[in-house]
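Trainee: Handing you a structure now.
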Amino acid sequence: MPTEMAMVLAGGQSEGYGILTRNRTKAALPFGGFYRLIDFALSNLSHSDITHVGIVIQYLPASLIEHVGVGEAWDFHGVGRWFKIMPPFVGQGATQWFNGTADALYQNLNFVEDFMPDDVLVLSGEHVYKMDYRPLLAFHRQRGADVTIVCKTLPKALCSRRFGYLRINEDDEVIDYQEKPDEPPTETISMGVYVFRRETLVEWLETNARQGTGHQLASDIVPYMVGITRMMAYHFDGRWDYLPDVEAYFHAHQRLLDPNTPIDLVEWEVITNLMDRSLAERVPAQVGVSAEVERSMLSPGVRVEGVVRGSVLSPGVIVEKGAVVENCVLMHDSVVRAGARLRRVICDKDADFGENSLVGITRTLHSPSRPGDESQLSPLTLLGKGVRIEKGVEIPAGREIAPKRRRDAAVTRVYTEGVL
């Protein structure tokens, strides 16, 4: 039996992505052209030789289930390996819906106890980072920890109430933990990656199920473990992107285009499912003789005849002659027809931008007057899956457009520019 197993929390609902997560969980959201956010956690586990993995899902899981399959792409399928999707279920004494991360883990404790590992790695499937978990596990065991939290030190300007904060002593033992406080007490944050001694995890989850009024791991269990259990902090100094909302998602894509980017998908050896939308069968990107491509990422199957600047194009995207795409993230098989102009647009799969349409163009705003001046940039514009923009139609910046079949669910919220 394995000495460790992993539980990936990948099924939560995200309010910060609007139409982009209307029909999928955030972990299934495309990133960097043809990857998905969950690919980073699964790739880290695969490269760390962790062979027993469960994915806890809940919110609109179909896209995620289709992508991960049986885990074959990450080498989780085969003799001596175990990979399982863990959706909510109805059973004797069980609820139909997970009431939080702690409840989700509690309802799936039978899978942990089937293998009786020494330690259980619990992590989010929604973060962008590369990490070898083997040194973390070694640190956890060498220090005799009941729980180890992976932490990172942020610049004070980036500290906000969205994180959990740790105070640690000179021996890296956690002496205080606060989840999302109004005022950050330190600059050391939790990355949402934990290693629990199995017996400790079982005990605290069972106690929370009996007594807890809240069932979130980070807020209703971890703070109360301080001083009662041996809780250690493991410092991570690599790149880690949290991506809480669509603005952070957009800026992470812009960082991908920086020649000195700290996010290197090739060096990180990120693994994805090559059967997703027949990615393995796509031909290399094609750039026409009249095309202009600058500081952009083109996935397999992309065809460009127009102008593309500062953009990330997923497989199968077509930019026709005379079209201009600036600072956009366009997902699979979207088409930008002749004469169309897009600026700061994020569109879901299969979108169609009609000839001479203007999307995300605010006529009263112009380019920044000087490098680094973001004050005049237009807000982001979001389009849902399969949205069709008719010929000549103008969509001002900051709009969110849902497909016609869900037009009644369209939101008029404006997405403003956010600088990380």
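Identifiers for the structure tokens are assigned positionally: chains receive A, B, ... in sequence, residues are indexed from 1 per chain, and ligands are indexed from 1 in the order shown.
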As a count of residues only, please: every residue in stretch 166-267 of chain A that DSSP puts in strand (DSSP E).
Mentor: 26
Trainee: So that I can check the surroundings of A:Leu29, please list as an NGL selection string every protein, DNA and RNA residue that reaches within 10 Å of it, counting only C-alpha atoms and ignoring chain neighbours fewer than 3 positions away.
Mentor: :A and (17 or 20-21 or 24-26 or 34-38 or 63-64 or 126 or 331 or 348)
Trainee: Suppose we keep N, CA and C atoms; can you now write the selection as a short mmCIF file (atom, residue, chain, number, x, y, z; two decimals), in the first residue's frame?
Mentor:
```cif
data_model
loop_
_atom_site.label_atom_id
_atom_site.label_comp_id
_atom_site.auth_asym_id
_atom_site.auth_seq_id
_atom_site.Cartn_x
_atom_site.Cartn_y
_atom_site.Cartn_z
N TYR A 17 -15.47 34.64 -12.12
CA TYR A 17 -15.21 34.39 -13.54
C TYR A 17 -16.44 34.57 -14.43
N LEU A 20 -17.62 32.56 -17.79
CA LEU A 20 -16.61 31.54 -18.09
C LEU A 20 -16.75 30.30 -17.22
N THR A 21 -17.32 30.45 -16.02
CA THR A 21 -17.54 29.29 -15.16
C THR A 21 -19.04 29.04 -14.94
N ARG A 24 -18.98 25.26 -16.04
CA ARG A 24 -17.84 24.40 -15.69
C ARG A 24 -17.29 24.85 -14.35
N THR A 25 -16.64 23.92 -13.66
CA THR A 25 -15.91 24.29 -12.46
C THR A 25 -14.63 25.01 -12.85
N LYS A 26 -14.13 25.84 -11.96
CA LYS A 26 -12.94 26.64 -12.26
C LYS A 26 -11.74 25.77 -12.61
N PHE A 34 -3.92 25.34 -24.40
CA PHE A 34 -4.61 24.05 -24.43
C PHE A 34 -4.51 23.27 -23.11
N TYR A 35 -4.02 23.91 -22.07
CA TYR A 35 -4.01 23.26 -20.75
C TYR A 35 -5.30 23.59 -20.01
N ARG A 36 -5.50 22.95 -18.86
CA ARG A 36 -6.57 23.29 -17.93
C ARG A 36 -5.93 23.60 -16.58
N LEU A 37 -6.61 24.36 -15.74
CA LEU A 37 -6.03 24.72 -14.46
C LEU A 37 -5.68 23.48 -13.63
N ILE A 38 -6.51 22.45 -13.69
CA ILE A 38 -6.24 21.26 -12.89
C ILE A 38 -4.98 20.53 -13.35
N SER A 63 -17.33 18.82 -17.59
CA SER A 63 -16.16 19.19 -18.37
C SER A 63 -14.88 18.65 -17.73
N LEU A 64 -14.81 18.73 -16.40
CA LEU A 64 -13.63 18.24 -15.69
C LEU A 64 -13.51 16.72 -15.81
N GLU A 126 -6.83 24.37 -8.52
CA GLU A 126 -7.13 25.62 -9.24
C GLU A 126 -5.96 26.60 -9.28
N MET A 331 -10.50 31.08 -26.69
CA MET A 331 -10.49 29.64 -26.46
C MET A 331 -10.85 28.87 -27.72
N ASP A 348 -15.04 32.23 -24.51
CA ASP A 348 -15.08 30.78 -24.34
C ASP A 348 -15.03 30.11 -25.70
#
```
Trainee: From the options A:Arg239, A:His332, A:Arg277, A:Arg303, which residue's atoms come nearest to A:His67, counting only C-alpha atoms?
Mentor: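 Among the listed residues, the smallest separation from A:His67 belongs to A:Arg277.
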Trainee: Write down as number ranges by chain the residues belonging to stretch 42-242 of chain A that are assigned helix (DSSP H, G or I) by DSSP computed on the backbone.
Mentor: A: 42-47, 62-68, 72-74, 101-107, 109-115, 133-142, 156-158, 198-211, 217-220, 222-225
Trainee: Just checking: using only C-alpha atoms, which residue out of A:Val68, A:Leu377, A:Ala145, A:Leu383 ends up closest to A:Leu330?
Mentor: A:Leu383
Trainee: Rank nothing, just name the residue among A:Val8, A:Leu136, A:Glu72, A:Gln216 nearest to A:Pro87, using only C-alpha atoms.
Mentor: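 Checking each candidate against A:Pro87, we get A:Val8 as the closest.
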Trainee: Skip A:Gln254 itself and residues of its chain fewer than 3 positions away, then list as a ChimeraX atom specification all residues within 12 Å of it, counting only C-alpha atoms.
Mentor: /A:31-32,247-251,257-263,295-297,309-312,326-329,344,419-420
Trainee: Using only C-alpha atoms, which of the listed residues (A:Gly212, A:Pro223, A:Gly392, A:Pro300) sits closest to A:Tyr165?
Mentor: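 When distances to A:Tyr165 are compared using only C-alpha atoms, the smallest one comes from A:Pro223.
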Trainee: What's the 7 Å shell around stretch 318-323 of chain A, counting only C-alpha atoms, without same-chain residues fewer than 4 positions away, as a ChimeraX atom specification?
Mentor: /A:302-307,334-341
Trainee: Identify, on the basis of only C-alpha atoms, every residue whose closest approach to stretch 147-164 of chain A does not exceed 7 Å; exclude the query and any residue fewer than 2 positions from it along the same chain; express the result as a PyMOL selection string.
Mentor: chain A and resi 140+145+166+178-184+187-191+193-197+230-237
Trainee: Ranking A:Met225, A:Ala138, A:Leu217, A:Val270 by minimum distance to A:Asn99 and counting only C-alpha atoms, which one comes first?
Mentor: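 Looking at the shortest contact to A:Asn99, the residue is A:Leu217.
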